[in-house]
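Structure file data-v6.cif (mmCIF, C-alpha atoms) follows.
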data_work
loop_
_atom_site.label_atom_id
_atom_site.label_comp_id
_atom_site.auth_asym_id
_atom_site.auth_seq_id
_atom_site.Cartn_x
_atom_site.Cartn_y
_atom_site.Cartn_z
CA MET A 1 12.33 -34.23 -26.52
CA LEU A 2 11.00 -31.53 -28.85
CA GLU A 3 7.44 -32.72 -28.30
CA TRP A 4 7.88 -32.56 -24.54
CA SER A 5 9.39 -29.10 -24.76
CA GLY A 6 6.43 -27.91 -26.84
CA PHE A 7 4.00 -29.40 -24.34
CA GLN A 8 5.90 -27.79 -21.45
CA ASP A 9 5.64 -24.36 -23.12
CA TYR A 10 1.90 -24.84 -23.52
CA VAL A 11 1.47 -25.82 -19.87
CA GLU A 12 3.52 -22.83 -18.74
CA ASP A 13 1.29 -20.48 -20.77
CA MET A 14 -1.78 -22.01 -19.12
CA ASN A 15 -0.26 -21.09 -15.75
CA LYS A 16 -0.29 -17.36 -16.44
CA VAL A 17 -3.05 -14.83 -16.07
CA ALA A 18 -3.38 -11.24 -17.26
CA SER A 19 -3.67 -8.56 -14.58
CA LYS A 20 -4.70 -4.96 -15.16
CA HIS A 21 -2.14 -3.77 -12.60
CA PHE A 22 0.66 -6.34 -12.78
CA GLY A 23 0.63 -7.44 -16.42
CA GLU A 24 1.13 -11.11 -17.13
CA VAL A 25 1.38 -12.98 -13.83
CA GLU A 26 2.57 -16.52 -13.35
CA LEU A 27 0.31 -18.43 -11.02
CA ASN A 28 2.17 -19.93 -8.11
CA HIS A 29 2.54 -23.65 -7.95
CA GLY A 30 4.59 -24.13 -4.84
CA ARG A 31 6.75 -21.01 -5.30
CA ASP A 32 6.87 -17.59 -3.69
CA HIS A 33 6.14 -14.58 -5.90
CA ASN A 34 6.74 -10.90 -5.26
CA LEU A 35 5.55 -8.62 -8.04
CA THR A 36 5.77 -4.85 -8.11
CA ALA A 37 3.93 -2.27 -10.17
CA THR A 38 3.09 1.39 -10.00
CA HIS A 39 -0.39 2.86 -9.92
CA GLU A 40 -1.65 6.39 -10.38
CA LEU A 41 -3.91 7.56 -7.53
CA ALA A 42 -5.10 11.16 -7.22
CA GLY A 43 -2.15 12.42 -9.25
CA GLN A 44 0.40 10.52 -7.16
CA THR A 45 2.39 7.42 -8.08
CA VAL A 46 1.83 4.58 -5.64
CA GLU A 47 3.97 1.46 -5.53
CA LEU A 48 2.01 -1.79 -5.50
CA ASP A 49 3.63 -4.92 -4.14
CA LEU A 50 1.89 -8.28 -4.64
CA ASN A 51 3.16 -10.96 -2.25
CA VAL A 52 2.20 -14.58 -2.81
CA ASN A 53 3.70 -17.33 -0.68
CA ALA A 54 4.36 -20.83 -1.98
CA HIS A 55 1.61 -22.30 0.21
CA ASP A 56 -1.02 -19.70 -0.83
CA HIS A 57 -3.78 -20.80 -3.18
CA PHE A 58 -3.23 -18.25 -5.93
CA ASP A 59 -5.16 -18.94 -9.09
CA GLU A 60 -6.82 -16.89 -11.83
CA ALA A 61 -9.78 -16.03 -9.58
CA ALA A 62 -7.41 -14.78 -6.85
CA MET A 63 -5.61 -12.54 -9.36
CA HIS A 64 -8.90 -11.13 -10.63
CA LYS A 65 -9.91 -10.45 -7.01
CA VAL A 66 -6.72 -8.42 -6.50
CA ASP A 67 -7.48 -6.31 -9.59
CA TYR A 68 -11.11 -5.92 -8.52
CA ARG A 69 -10.21 -4.85 -4.97
CA LEU A 70 -7.70 -2.31 -6.29
CA ARG A 71 -10.61 -0.53 -8.01
CA PHE A 72 -11.74 0.49 -4.52
CA LEU A 73 -8.34 1.75 -3.38
CA PRO A 74 -9.44 5.44 -3.41
CA GLU A 75 -12.28 4.68 -0.99
CA LEU A 76 -9.94 2.66 1.22
CA VAL A 77 -7.46 5.55 1.32
CA ASP A 78 -10.28 7.96 2.24
CA GLN A 79 -11.30 5.71 5.15
CA VAL A 80 -7.74 5.57 6.45
CA ARG A 81 -7.33 9.35 6.10
CA GLU A 82 -10.51 9.86 8.16
CA MET A 83 -9.15 7.55 10.86
CA ILE A 84 -5.82 9.39 10.88
CA ALA A 85 -7.66 12.73 11.15
CA GLU A 86 -9.64 11.45 14.15
CA GLU A 87 -6.54 10.09 15.86
CA LEU A 88 -4.55 13.31 15.45
CA SER A 89 -6.51 14.84 18.32
CA GLN A 90 -6.17 11.79 20.59
CA GLU A 91 -3.24 11.53 23.01
CA GLY A 92 -0.87 8.62 22.55
CA THR A 93 -2.02 7.53 19.10
CA SER A 94 0.49 6.70 16.40
CA PRO A 95 -0.75 9.44 14.01
CA GLN A 96 -0.50 12.08 16.73
CA GLU A 97 2.99 10.98 17.78
CA TYR A 98 4.12 10.73 14.13
CA ARG A 99 2.91 14.28 13.45
CA HIS A 100 4.49 15.58 16.65
CA PHE A 101 7.84 13.91 15.89
CA HIS A 102 8.02 15.10 12.29
CA CYS A 103 6.68 18.61 12.84
CA ASN A 104 8.18 19.71 16.16
CA ALA A 105 11.81 20.26 15.22
CA ILE A 106 11.28 20.73 11.50
CA LYS A 107 13.73 22.93 9.63
CA ASP A 108 12.36 25.93 7.74
CA GLU A 109 13.41 24.53 4.35
CA HIS A 110 11.29 21.44 4.95
CA LEU A 111 8.23 23.46 5.93
CA LYS A 112 7.80 24.72 2.38
CA LYS A 113 9.00 21.54 0.59
CA VAL A 114 6.97 19.03 2.61
CA PHE A 115 3.99 21.01 3.87
CA GLY A 116 3.76 24.02 1.54
CA VAL A 117 3.71 26.55 4.38
CA GLU A 118 6.12 29.32 5.40
CA ASP A 119 5.70 29.28 9.17
CA LYS A 120 5.24 26.58 11.84
CA SER A 121 2.08 28.32 13.02
CA GLN A 122 0.48 27.34 9.69
CA LEU A 123 1.22 23.66 10.30
CA THR A 124 -2.34 22.56 11.15
CA ASP A 125 -3.79 19.05 11.16
CA GLU A 126 -5.33 19.80 7.75
CA VAL A 127 -1.95 20.84 6.31
CA PHE A 128 -0.35 17.72 7.80
CA LEU A 129 -3.06 15.46 6.32
CA LYS A 130 -2.70 17.07 2.91
CA ALA A 131 1.07 16.42 2.97
CA LEU A 132 0.61 12.79 4.07
CA LYS A 133 0.53 10.63 0.92
CA LEU A 134 -0.05 6.98 0.21
CA GLY A 135 3.32 5.72 -1.01
CA HIS A 136 3.04 1.94 -1.00
CA VAL A 137 0.40 -0.78 -0.92
CA GLY A 138 1.37 -4.32 0.02
CA ILE A 139 -1.15 -6.92 -1.16
CA TYR A 140 -1.23 -10.31 0.55
CA PRO A 141 -3.88 -12.57 -1.06
CA GLY A 142 -2.99 -15.42 1.30
CA GLN A 143 -3.79 -13.32 4.38
CA PRO A 144 -7.49 -12.42 4.27
CA GLU A 145 -7.31 -10.43 7.52
CA ARG A 146 -4.36 -8.30 6.26
CA TYR A 147 -5.08 -8.35 2.54
CA PHE A 148 -3.95 -4.75 2.04
CA VAL A 149 -1.19 -2.99 3.96
CA LEU A 150 -1.07 0.74 3.19
CA ASP A 151 1.97 2.89 3.96
CA PHE A 152 1.47 6.65 4.26
CA THR A 153 4.48 8.96 4.19
CA LEU A 154 5.44 12.61 4.23
CA GLY A 155 7.86 11.81 1.40
CA GLN A 156 10.88 9.58 1.00
CA HIS A 157 13.11 12.64 0.62
CA PHE A 158 11.97 13.76 4.09
CA THR A 159 11.53 10.57 6.14
CA ASP A 160 11.67 6.81 5.79
CA GLU A 161 9.08 6.38 8.54
CA VAL A 162 5.47 5.61 7.65
CA LEU A 163 2.01 5.36 9.13
CA VAL A 164 0.68 1.89 8.35
CA ALA A 165 -2.93 0.80 8.09
CA SER A 166 -4.30 -2.54 6.99
CA ALA A 167 -7.58 -3.76 5.56
CA ASP A 168 -9.04 -7.20 5.15
CA GLU A 169 -10.02 -8.83 1.87
CA ASP A 170 -13.44 -7.14 2.00
CA GLY A 171 -11.90 -3.67 2.34
CA VAL A 172 -12.68 -3.28 6.05
CA VAL A 173 -9.94 -1.14 7.59
CA ASP A 174 -8.37 -2.37 10.82
CA ASP A 175 -8.92 0.11 13.64
CA GLU A 176 -5.21 0.34 14.52
CA ILE A 177 -2.80 2.61 12.66
CA LEU A 178 0.89 1.98 13.40
CA TRP A 179 4.03 4.07 13.09
CA GLU A 180 6.88 2.09 11.55
CA SER A 181 10.39 2.73 10.30
#
Hey, can you dump this file as structure tokens for me?
Amino acid sequence: MLEWSGFQDYVEDMNKVASKHFGEVELNHGRDHNLTATHELAGQTVELDLNVNAHDHFDEAAMHKVDYRLRFLPELVDQVREMIAEELSQEGTSPQEYRHFHCNAIKDEHLKKVFGVEDKSQLTDEVFLKALKLGHVGIYPGQPERYFVLDFTLGQHFTDEVLVASADEDGVVDDEILWES
């Protein structure tokens, strides 16, 4: 029994891999995993959420790919911000409706706290974009077409609604940005 236990410990250690962002990660062998971590991006703390389903092939190479892809997160965020900026001027888009909803009936105390301005007339698209922060990144290695799901928010203290963009495993951003609660 002791020999088997020792062997079992060795096998379990072989089933773990080191991740720059998530620490020591157990590779899935028929089990779901949901790991969280925080990451510093442009002076802001972003929550990372790694989601691996039991049927996903998640090995050492897949974990290294996650870490590698996260190196390009700033560029991915810039692409999404550019898309949001373009869609702010287009009728019926989620970013435009999100901005309209959150900025139309805003109270004066939120103007300064959320947007850093004193008057509604100063609430331009540029001010809105500056206030919009990446708050959460969901990573789904088993879903190559929705590998990254990025949630942008005006702040949890202000709203629980987010603008959501996704990118595939190669970092190509989907052309649809959604507004979700």
**Request:** Apply the PyMOL selection byres ((chain A and resi 139) around 9) to the displayed file and report the matching residues as number ranges by chain.
**Result:** A: 48-52, 66, 137-138, 140-141, 143, 146-150
**Request:** Please provide the set of residues having any atom within 12 Å of A:Glu126, restricted to all atoms listed in the file, with same-chain residues fewer than 4 positions apart removed, written as a ChimeraX atom specification.
**Result:** /A:81-82,84-86,88-89,99,115-117,122,130-132
Residue contacts of stretch 151-164 of chain A (10 Å, only C-alpha atoms) excluding same-chain residues fewer than 5 positions away, as a CSV table (one decimal) with C-alpha atoms, in the coordinates of the input:
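The result, stored in selection_1.csv:
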chain,number,residue,atom,x,y,z
A,46,VAL,CA,1.8,4.6,-5.6
A,47,GLU,CA,4.0,1.5,-5.5
A,77,VAL,CA,-7.5,5.6,1.3
A,80,VAL,CA,-7.7,5.6,6.4
A,81,ARG,CA,-7.3,9.4,6.1
A,84,ILE,CA,-5.8,9.4,10.9
A,94,SER,CA,0.5,6.7,16.4
A,95,PRO,CA,-0.8,9.4,14.0
A,98,TYR,CA,4.1,10.7,14.1
A,99,ARG,CA,2.9,14.3,13.4
A,102,HIS,CA,8.0,15.1,12.3
A,110,HIS,CA,11.3,21.4,5.0
A,113,LYS,CA,9.0,21.5,0.6
A,114,VAL,CA,7.0,19.0,2.6
A,115,PHE,CA,4.0,21.0,3.9
A,128,PHE,CA,-0.4,17.7,7.8
A,129,LEU,CA,-3.1,15.5,6.3
A,130,LYS,CA,-2.7,17.1,2.9
A,131,ALA,CA,1.1,16.4,3.0
A,132,LEU,CA,0.6,12.8,4.1
A,133,LYS,CA,0.5,10.6,0.9
A,134,LEU,CA,0.0,7.0,0.2
A,135,GLY,CA,3.3,5.7,-1.0
A,136,HIS,CA,3.0,1.9,-1.0
A,137,VAL,CA,0.4,-0.8,-0.9
A,138,GLY,CA,1.4,-4.3,0.0
A,176,GLU,CA,-5.2,0.3,14.5
A,177,ILE,CA,-2.8,2.6,12.7
A,178,LEU,CA,0.9,2.0,13.4
A,179,TRP,CA,4.0,4.1,13.1
A,180,GLU,CA,6.9,2.1,11.6
A,181,SER,CA,10.4,2.7,10.3
**Request:** Mind checking which residues fall within 12 Å of A:Glu145, counting all atoms listed in the file, ignoring those fewer than 5 positions away in the same chain, and posting them as JSON, numbers by chain?
**Result:** {"A": [139, 140, 166, 167, 168, 169, 170, 171, 172, 173, 174]}
Explicit residue set for the PyMOL selection byres ((chain A and resi 18) around 12), as a tab-separated table (two decimals) with C-alpha atoms, keeping the file's coordinate frame:
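Output file expr-v4.tsv follows:
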chain	number	residue	atom	x	y	z
A	13	ASP	CA	1.29	-20.48	-20.77
A	14	MET	CA	-1.78	-22.01	-19.12
A	15	ASN	CA	-0.26	-21.09	-15.75
A	16	LYS	CA	-0.29	-17.36	-16.44
A	17	VAL	CA	-3.05	-14.83	-16.07
A	19	SER	CA	-3.67	-8.56	-14.58
A	20	LYS	CA	-4.70	-4.96	-15.16
A	21	HIS	CA	-2.14	-3.77	-12.60
A	22	PHE	CA	0.66	-6.34	-12.78
A	23	GLY	CA	0.63	-7.44	-16.42
A	24	GLU	CA	1.13	-11.11	-17.13
A	25	VAL	CA	1.38	-12.98	-13.83
A	26	GLU	CA	2.57	-16.52	-13.35
A	27	LEU	CA	0.31	-18.43	-11.02
A	59	ASP	CA	-5.16	-18.94	-9.09
A	60	GLU	CA	-6.82	-16.89	-11.83
A	61	ALA	CA	-9.78	-16.03	-9.58
A	62	ALA	CA	-7.41	-14.78	-6.85
A	63	MET	CA	-5.61	-12.54	-9.36
A	64	HIS	CA	-8.90	-11.13	-10.63
A	66	VAL	CA	-6.72	-8.42	-6.50
A	67	ASP	CA	-7.48	-6.31	-9.59
